[in-house]
Every structure is written in C-alpha cells, then in structure tokens.
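K.L.:
So here's my_file-v6.csv (CSV, C-alpha atoms).
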```csv
chain,number,residue,atom,x,y,z
C,32,MET,CA,105.5,19.5,80.1
C,33,GLY,CA,102.4,21.0,81.7
C,34,GLU,CA,100.4,23.6,79.9
C,35,VAL,CA,101.0,27.1,81.1
C,36,LYS,CA,97.7,28.8,81.5
C,37,GLU,CA,98.8,32.1,82.9
C,38,ARG,CA,99.1,34.9,80.3
C,39,ILE,CA,101.3,37.4,82.0
C,40,ALA,CA,103.8,40.0,81.2
C,41,LEU,CA,107.1,39.3,83.0
C,42,THR,CA,109.0,42.1,84.8
C,43,GLU,CA,112.4,42.8,83.3
C,44,ALA,CA,114.1,41.4,86.4
C,45,VAL,CA,112.2,38.1,86.1
C,46,TYR,CA,112.8,37.9,82.4
C,47,TYR,CA,116.6,38.2,82.7
C,48,ILE,CA,116.7,35.9,85.8
C,49,LEU,CA,114.9,33.2,83.8
C,50,LEU,CA,117.2,33.7,80.8
C,51,SER,CA,120.2,33.5,83.0
C,52,LEU,CA,119.1,30.2,84.5
C,53,PHE,CA,119.2,28.1,81.3
C,54,GLU,CA,122.6,27.2,82.9
C,55,PRO,CA,122.8,26.6,86.7
C,56,LEU,CA,124.0,29.8,88.4
C,57,HIS,CA,124.2,31.2,91.9
C,58,GLY,CA,122.9,34.7,92.9
C,59,TYR,CA,125.9,36.7,92.1
C,60,GLY,CA,126.3,34.8,88.8
C,61,ILE,CA,122.7,35.8,87.8
C,62,MET,CA,123.5,39.5,88.5
C,63,GLN,CA,126.6,39.4,86.3
C,64,ASN,CA,124.9,37.4,83.6
C,65,ALA,CA,121.9,39.8,83.5
C,66,GLN,CA,124.3,42.7,83.1
C,67,SER,CA,126.3,41.1,80.3
C,68,LEU,CA,123.1,39.9,78.4
C,69,SER,CA,121.7,43.5,78.6
C,70,HIS,CA,125.1,45.0,77.7
C,71,GLY,CA,125.4,46.7,81.1
C,72,ARG,CA,121.9,48.2,81.2
C,73,VAL,CA,120.2,45.9,83.7
C,74,ASN,CA,121.6,46.0,87.2
C,75,LEU,CA,119.7,43.6,89.4
C,76,ALA,CA,119.9,44.6,93.1
C,77,ALA,CA,120.5,41.7,95.5
C,78,GLY,CA,117.4,42.3,97.6
C,79,THR,CA,115.2,42.4,94.5
C,80,LEU,CA,116.9,39.3,93.1
C,81,TYR,CA,116.4,37.4,96.4
C,82,GLY,CA,112.7,38.2,96.5
C,83,ALA,CA,112.3,37.2,92.8
C,84,LEU,CA,114.1,33.9,93.2
C,85,ASN,CA,111.9,32.9,96.0
C,86,THR,CA,108.7,33.8,94.1
C,87,LEU,CA,109.9,32.0,91.0
C,88,MET,CA,110.7,28.9,93.1
C,89,GLU,CA,107.2,29.0,94.6
C,90,LYS,CA,105.7,29.2,91.1
C,91,GLY,CA,107.9,26.3,89.9
C,92,TYR,CA,109.6,28.3,87.2
C,93,ILE,CA,113.0,27.6,88.7
C,94,LYS,CA,114.4,25.2,91.3
C,95,ALA,CA,117.3,25.3,93.7
C,96,LEU,CA,120.0,22.6,93.0
C,97,PRO,CA,120.8,20.4,96.0
C,98,GLY,CA,124.1,21.8,97.4
C,99,GLU,CA,126.8,19.5,98.7
C,100,SER,CA,127.3,21.4,101.9
C,101,ASN,CA,125.9,24.5,103.6
C,102,THR,CA,129.0,26.4,102.9
C,103,ARG,CA,128.5,26.2,99.1
C,104,LYS,CA,126.7,28.9,97.3
C,105,LYS,CA,123.1,27.9,96.4
C,106,GLU,CA,122.6,27.4,92.6
C,107,TYR,CA,119.4,27.7,90.7
C,108,VAL,CA,118.2,26.4,87.3
C,109,ILE,CA,115.2,26.9,85.1
C,110,THR,CA,112.4,24.2,85.0
C,111,ALA,CA,110.4,23.0,82.0
C,112,THR,CA,107.5,25.3,83.1
C,113,GLY,CA,110.0,28.2,83.3
C,114,LYS,CA,111.2,27.6,79.7
C,115,GLU,CA,107.6,27.6,78.5
C,116,ILE,CA,107.1,31.0,80.3
C,117,VAL,CA,110.1,32.4,78.5
C,118,MET,CA,108.9,31.2,75.1
C,119,GLN,CA,105.5,32.8,75.8
C,120,GLU,CA,107.2,36.0,76.8
C,121,ILE,CA,109.3,36.2,73.7
C,122,GLU,CA,106.2,35.7,71.6
C,123,ARG,CA,104.5,38.5,73.5
C,124,LEU,CA,107.5,40.8,73.1
C,125,ARG,CA,107.7,40.1,69.4
C,126,GLU,CA,104.0,41.0,69.1
C,127,LEU,CA,104.7,44.3,71.0
C,128,VAL,CA,107.5,45.2,68.7
C,129,LYS,CA,105.6,44.3,65.6
C,130,ASN,CA,102.5,46.3,66.6
C,131,GLY,CA,104.7,49.3,67.5
C,132,GLU,CA,106.6,49.2,64.2
C,133,ASP,CA,103.3,48.8,62.2
C,134,VAL,CA,101.9,52.0,63.8
C,135,LEU,CA,105.1,53.9,63.2
C,136,ARG,CA,105.3,52.7,59.5
C,137,ARG,CA,101.7,53.7,58.9
C,138,ASN,CA,102.4,57.2,60.3
C,139,GLU,CA,105.5,57.7,58.3
C,140,ARG,CA,103.6,58.1,55.1
T,254,MET,CA,141.4,53.8,115.6
T,255,THR,CA,137.7,54.1,116.2
T,256,VAL,CA,135.5,57.2,116.7
T,257,THR,CA,132.0,57.1,118.3
T,258,LYS,CA,129.3,59.5,117.4
T,259,TYR,CA,125.8,59.9,118.9
T,260,LYS,CA,123.0,60.9,116.7
T,261,VAL,CA,119.2,60.5,116.6
T,262,TYR,CA,117.5,59.3,113.4
T,263,PHE,CA,113.9,58.2,113.2
T,264,ALA,CA,112.9,55.1,111.3
T,265,TRP,CA,111.1,57.2,108.5
T,266,ASP,CA,114.3,59.1,108.0
T,267,TYR,CA,116.5,56.0,107.3
T,268,GLU,CA,117.4,57.4,103.9
T,269,LYS,CA,118.9,60.5,105.5
T,270,GLU,CA,120.8,58.2,107.9
T,271,GLU,CA,122.1,56.3,104.9
T,272,ALA,CA,123.2,59.6,103.2
T,273,TRP,CA,125.0,60.6,106.4
T,274,LEU,CA,126.8,57.3,106.7
T,275,ASN,CA,127.9,57.5,103.1
T,276,GLU,CA,129.2,61.0,103.6
T,277,MET,CA,131.1,59.8,106.7
T,278,SER,CA,132.6,56.9,104.6
T,279,ASN,CA,133.7,59.5,102.0
T,280,LYS,CA,135.6,61.3,104.7
T,281,GLY,CA,137.3,58.1,105.9
T,282,TYR,CA,135.0,57.2,108.7
T,283,GLN,CA,133.7,53.6,108.1
T,284,LEU,CA,130.8,52.5,110.2
T,285,VAL,CA,131.5,49.2,112.0
T,286,HIS,CA,128.9,49.1,114.8
T,287,VAL,CA,125.5,50.5,115.6
T,288,GLY,CA,123.9,50.9,119.1
T,289,LEU,CA,121.0,52.9,120.4
T,290,PHE,CA,121.7,56.4,118.9
T,291,LYS,CA,125.3,55.3,118.8
T,292,TYR,CA,127.5,54.9,115.8
T,293,VAL,CA,131.0,53.5,115.9
T,294,PHE,CA,133.4,54.3,113.0
T,295,GLU,CA,136.7,52.9,112.1
T,296,VAL,CA,139.0,55.5,110.6
T,297,ASP,CA,140.2,54.2,107.2
T,298,HIS,CA,140.9,56.7,104.4
T,299,SER,CA,141.9,53.9,102.0
T,300,LYS,CA,138.3,52.6,101.5
T,301,ARG,CA,135.0,54.0,100.4
T,302,TYR,CA,131.8,52.2,101.1
T,303,ILE,CA,128.1,52.6,100.2
T,304,TYR,CA,125.9,51.9,103.2
T,305,ARG,CA,122.2,50.8,102.9
T,306,LEU,CA,119.7,50.2,105.7
T,307,GLU,CA,116.9,47.7,105.6
T,308,LEU,CA,114.1,46.8,108.0
T,309,LEU,CA,114.2,43.0,107.9
T,310,ASP,CA,111.0,41.0,107.7
T,311,GLN,CA,112.1,39.1,110.9
T,312,LEU,CA,114.7,39.5,113.6
T,313,PRO,CA,118.3,39.0,112.4
T,314,SER,CA,118.5,35.6,114.2
T,315,HIS,CA,115.4,34.2,112.4
T,316,PRO,CA,116.3,31.5,109.8
T,317,SER,CA,114.7,33.6,107.0
T,318,SER,CA,116.8,36.6,107.8
T,319,VAL,CA,119.9,34.4,108.2
T,320,ASP,CA,119.2,33.0,104.7
T,321,TYR,CA,118.7,36.4,103.3
T,322,MET,CA,121.9,37.9,104.8
T,323,LYS,CA,123.9,34.9,103.6
T,324,PHE,CA,122.6,35.5,100.1
T,325,LEU,CA,123.6,39.2,100.2
T,326,GLU,CA,127.0,38.2,101.5
T,327,GLU,CA,127.5,36.0,98.4
T,328,THR,CA,126.9,39.0,96.2
T,329,GLY,CA,129.6,41.0,98.1
T,330,VAL,CA,127.4,42.7,100.6
T,331,GLU,CA,128.5,42.8,104.2
T,332,CYS,CA,126.2,43.2,107.2
T,333,VAL,CA,128.0,45.6,109.4
T,334,SER,CA,125.6,45.7,112.3
T,335,THR,CA,122.0,45.0,113.3
T,336,ILE,CA,119.8,46.7,115.9
T,337,LEU,CA,116.3,45.1,116.5
T,338,ARG,CA,115.1,44.4,113.0
T,339,TRP,CA,117.2,47.0,111.3
T,340,ALA,CA,120.2,45.8,109.3
T,341,TYR,CA,123.2,48.0,108.2
T,342,PHE,CA,124.7,46.7,105.0
T,343,ARG,CA,127.6,48.0,103.1
T,344,LYS,CA,129.5,47.3,99.9
T,345,GLU,CA,132.7,48.9,98.6
T,346,ALA,CA,131.8,51.7,96.2
T,347,GLY,CA,132.3,50.6,92.6
T,348,GLU,CA,131.1,51.6,89.2
T,349,ASN,CA,127.7,50.0,89.6
T,350,GLY,CA,126.9,51.6,92.9
T,351,PHE,CA,125.0,49.6,95.5
T,352,GLU,CA,121.3,49.4,96.0
T,353,LEU,CA,119.2,46.7,97.8
T,354,TYR,CA,116.3,47.1,95.4
T,355,SER,CA,116.2,47.7,91.7
T,356,ASP,CA,112.4,47.6,91.2
T,357,ILE,CA,109.5,49.7,92.5
T,358,ALA,CA,107.6,46.7,93.8
T,359,SER,CA,110.4,45.7,96.3
T,360,ARG,CA,110.7,49.3,97.4
T,361,ILE,CA,107.0,49.5,98.1
T,362,LYS,CA,107.2,46.2,100.1
T,363,HIS,CA,110.0,47.7,102.2
T,364,TYR,CA,108.1,50.9,103.0
T,365,LYS,CA,105.0,48.9,103.8
T,366,ARG,CA,107.0,46.9,106.4
T,367,ILE,CA,108.0,50.2,108.0
T,368,GLN,CA,104.4,51.5,107.9
T,369,LEU,CA,103.3,48.3,109.6
T,370,LEU,CA,105.9,48.8,112.4
T,371,PHE,CA,104.4,52.3,113.1
T,372,ILE,CA,100.9,51.1,113.0
T,373,ALA,CA,101.8,48.2,115.4
T,374,VAL,CA,103.2,50.6,118.1
T,375,THR,CA,100.5,53.3,117.8
T,376,PRO,CA,97.8,51.6,120.1
T,377,VAL,CA,100.4,51.2,122.9
T,378,ASN,CA,101.2,54.9,122.8
T,379,VAL,CA,97.6,56.0,122.5
T,380,MET,CA,96.8,53.8,125.6
T,381,SER,CA,99.7,55.5,127.4
T,382,ILE,CA,98.2,58.9,126.7
T,383,ILE,CA,94.9,57.9,128.1
T,384,ASN,CA,96.5,56.3,131.2
T,385,MET,CA,98.8,59.3,131.8
T,386,GLY,CA,95.9,61.7,131.2
T,387,ASN,CA,93.8,59.8,133.7
T,388,ILE,CA,96.5,59.9,136.3
T,389,TYR,CA,97.0,63.6,135.8
T,390,SER,CA,93.3,64.5,136.0
T,391,ARG,CA,93.1,62.6,139.3
T,392,THR,CA,96.4,63.7,141.0
T,393,HIS,CA,97.4,66.9,139.1
T,394,SER,CA,101.0,65.9,139.6
T,395,LEU,CA,103.6,67.6,137.5
T,396,SER,CA,105.4,64.4,136.6
T,397,ALA,CA,102.1,62.9,135.3
T,398,LEU,CA,101.6,66.0,133.2
T,399,ILE,CA,105.2,65.8,131.8
T,400,ALA,CA,104.8,62.1,131.0
T,401,THR,CA,101.5,62.8,129.2
T,402,ILE,CA,103.1,65.6,127.1
T,403,LEU,CA,106.0,63.3,126.2
T,404,VAL,CA,103.8,60.5,125.1
T,405,VAL,CA,101.7,63.0,123.0
T,406,ILE,CA,104.9,64.2,121.3
T,407,ILE,CA,105.9,60.6,120.5
T,408,VAL,CA,102.5,59.9,119.0
T,409,LEU,CA,102.7,63.1,116.9
T,410,MET,CA,106.1,62.1,115.7
T,411,LEU,CA,104.8,58.6,114.9
T,412,ALA,CA,101.9,60.1,113.0
T,413,THR,CA,104.3,62.3,111.0
T,414,GLY,CA,106.4,59.2,110.2
T,415,LEU,CA,103.3,57.2,109.2
T,416,TYR,CA,102.2,60.1,106.9
T,417,ARG,CA,105.6,60.4,105.2
T,418,VAL,CA,105.9,56.7,104.6
T,419,SER,CA,102.4,56.5,103.3
T,420,MET,CA,103.1,59.4,100.9
T,421,GLN,CA,106.2,57.5,99.6
T,422,ILE,CA,104.1,54.4,99.1
T,423,ALA,CA,101.4,56.4,97.2
T,424,LYS,CA,104.0,58.0,95.0
T,425,LEU,CA,105.7,54.7,94.1
T,426,SER,CA,102.3,53.0,93.5
T,427,HIS,CA,101.5,55.8,91.1
T,428,ASP,CA,104.8,55.3,89.3
T,429,LYS,CA,104.1,51.6,89.1
T,430,LEU,CA,101.1,52.3,86.9
T,431,PHE,CA,103.3,53.1,84.0
T,432,ARG,CA,106.7,51.7,84.7
T,433,GLU,CA,108.5,49.0,86.6
```
Can the structure in the file be given as structure tokens, please?

P.N.:
Amino acid sequence: MGEVKERIALTEAVYYILLSLFEPLHGYGIMQNAQSLSHGRVNLAAGTLYGALNTLMEKGYIKALPGESNTRKKEYVITATGKEIVMQEIERLRELVKNGEDVLRRNER
Amino acid sequence: MTVTKYKVYFAWDYEKEEAWLNEMSNKGYQLVHVGLFKYVFEVDHSKRYIYRLELLDQLPSHPSSVDYMKFLEETGVECVSTILRWAYFRKEAGENGFELYSDIASRIKHYKRIQLLFIAVTPVNVMSIINMGNIYSRTHSLSALIATILVVIIVLMLATGLYRVSMQIAKLSHDKLFRE
C-alpha cells in the first residue's frame, strides 16, 4: 500500500462515490447507493458522476473491472489507494466536527 | 402523430430552450428530433419528460462522446437527437428530477466549453467584417453593405453571448469559493 501524500478535502460527490465502491458497482448503482447512504439527500447527476469516475480512475483511487462483453454495464471498484484516501477523509471530517463542537461548547457557557 | 415547429434559440440561451422543451412535454408534445431551427414533436399525453441540453466535448460520433452517451443511457437517460456538438437528452420526469450536473465545477466546465466555442468563431466573423467593409468601400454596392451589416449584427450577438456566458462563469466561480 503506497503512502498517500496528498492532503485534500474530497468533494461530497467523490466521497460518496468512493464509499459506494467498496463493492463493485456500475454507474446507476453508484447513484442509487449514494442516495441511500445519505438517506435521500445526495443526488449525483450522471454527467457529474461520469466526470468524477474518470478523474478517480486517472488518480488510481478506483479502477474499472474488465467487462465480459461490450454490452455489459461497466463496473468500478475502489483501490487500496482509494481506501487510504477515504480513511484520511474520515479523519479530517472527525476533526472538523470535533473543532466545531468544541467552539460551540465553549460558547454555551 | 408528429408536429414540427420552427424556432430560433442561440447557444447562450440553451437553458431557455430547455425550459420551452419541458413546457412542451408538459403539454403532451415530446421532442423526438432536432434540425436547424427545427423541432419535431411526437404527440403523447401519457408521458412527461425532462429535457436537458449539453454541448459535448467532441462530436457525437467521437469515441469519448459515444462512451459518455452510453454511460448516460445506463442511468436511464436517452439521447433524443444531436446537432453538431449539441446533444438533446431526456429522462422521464420522476421524484428526483433530472439534471446532468449536480456540482458547480461541472457546470463551470460546461459554460467554459460554450465560451470557447464563441471565442473560436469570433476571428472568422471579424475577418468577414473587414473583408465585406473593404469590398463596400471599393464598390459601394448595396449587397456588400447589407452583408457587412449582417456580419456586424452576428458579431454583436456573439459578443452578447460571450458576455452572458462569462457572467455565469464568474457567478459560479464566486459561489465555489464557499460551497460545492
């Protein structure tokens, strides 16, 4: 597992795409999964999803699974690097929430 | 039964064109083909679609466009018609609506593509003004004058389009500073 040097904040779309791809899924499956994970809040539009999938493949965070034939829908799955990115992001989000709650708590008194 | 309508929409007004097509769909007129200023509708009151227009990165026959349109199709989006690089997509109206983009960055990218299209055709038109103007100054013929005026009008319209698209990009870029 290579070290992930980039310290970045993921977009919500990218975050939910990566979460969805711990199991192999095709495009429409990702859209449905992102929606159910977010309890209906996140609606990924197909054009945005297509662009994000290509970028994530270029970066090596996800990969396309070899399809049996051209007629089958293309499936994608997260890579080891992608999983590291997700773990980093969760850590970052945890820090965000903690810092926010600390400030709120201090101001309550 | 099909109905044909003729209407002029400029590239920078593609969102107005979308609104019109969606209104037509609401009334039972479902767009099935697009030509130059020509819209062919199928009369079907049982369905209601949401139409979206997109300026593709490449011509529709290019492998990258084919791949993109296949992807959209797999999500339930149908490409009704294409004209040059413009694609007319539709999806049956449901509770989630239908948008091609759900983030600001993709929307900016699309506007920039349109902006580039305007910029690309501007030099040709400016050259035409100079040529037509030269012909008129030498011959003083009425047709050269009319041609010059027409090209000037086209360039002014292009400039308006370019201005509007640039304003949209500026507004979205500003939004992007504090939200996705």

K.L.:
Need to verify the contact set: Val319 of chain T, 12 Å, only C-alpha atoms, exclusion of same-chain residues closer than 6 positions in sequence. Can you return it as a list in words?

P.N.:
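Selected residues are Leu309, Asp310, Gln311, Leu312, Pro313, Leu325, Glu326, Cys332, Thr335 and Ala340 of chain T.
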
K.L.:
Quick one: contact table of segment 262-375 of chain T to segment 53-63 of chain C, 8 Å max, nearest atom pair and distance in Å to one decimal per residue, counting only C-alpha atoms, chain and number order, as a tab-separated table?

P.N.:
```
residue	atom	partner	partner_atom	distance
T:Phe324	CA	C:Gly58	CA	7.3
T:Glu327	CA	C:Tyr59	CA	6.5
T:Thr328	CA	C:Tyr59	CA	4.8
```

K.L.:
At a cut-off of 12 Å, using all atoms listed in the file, what residues contact Lys269 of chain T? Leave out same-chain residues fewer than 5 positions from it and give the result as an NGL selection string.

P.N.:
:T and (260-264 or 274-276 or 304-306)

K.L.:
Considering only C-alpha atoms, can you say which of T:Ser419, T:Ile336, T:Asp297, T:Val408 comes closest to Met380 of chain T?

P.N.:
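Going through T:Ser419, T:Ile336, T:Asp297, T:Val408 one by one, the smallest distance to Met380 of chain T is for T:Val408.
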
K.L.:
Set the distance at 10 Å and use only C-alpha atoms: which residues neighbour Ile48 of chain C once local chain neighbours fewer than 3 positions away are removed? I'd like the list as a PyMOL selection string.

P.N.:
chain C and resi 42-45+51-53+56+58+61-62+64-65+75+80+83-84+87+93+107-109

K.L.:
Could you name the residues that touch Lys429 of chain T at 12 Å or less, counting all atoms listed in the file, but leaving out those on the same chain fewer than 4 positions away, as number ranges by chain?

P.N.:
C: 42; T: 356-361, 422-425, 433

K.L.:
Using only C-alpha atoms and a cut-off of 6 Å, which residues of chain T sit close to chain C? Please list them as number ranges by chain.

P.N.:
T: 328, 352-355

K.L.:
Rounded to one decimal place, report the atom CA of Met277 of chain T-atom CA of Ser334 of chain T distance in Å.

P.N.:
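Those two atoms sit 16.1 Å apart.
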
K.L.:
Would you mind reading off the distance between atom CA of Val293 of chain T and atom CA of His315 of chain T, one decimal, in Å?

P.N.:
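Interatomic distance here is 25.1 Å.
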
K.L.:
When distances are computed from all atoms listed in the file, which of C:Leu68, C:Leu127, C:Leu49, C:Leu135 shows the smallest separation from Glu115 of chain C?

P.N.:
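Ranked by minimum distance to Glu115 of chain C, first place goes to C:Leu49.
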
K.L.:
In Å to one decimal, how far is atom CA of Leu403 of chain T from atom CA of Gly386 of chain T?

P.N.:
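Those two atoms sit 11.4 Å apart.
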
K.L.:
Which protein, DNA or RNA residues are at most 12 Å from (102.0, 29.4, 90.7) in the file's coordinates when you count all atoms listed in the file, listed as a PyMOL selection string?

P.N.:
chain C and resi 35-37+39+85-93+112-113+116

K.L.:
Using all atoms listed in the file, which of T:Thr401, T:Val296, T:Tyr364, T:Ile383 sits nearest Ser426 of chain T?

P.N.:
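Nearest candidate to Ser426 of chain T out of T:Thr401, T:Val296, T:Tyr364, T:Ile383: T:Tyr364.
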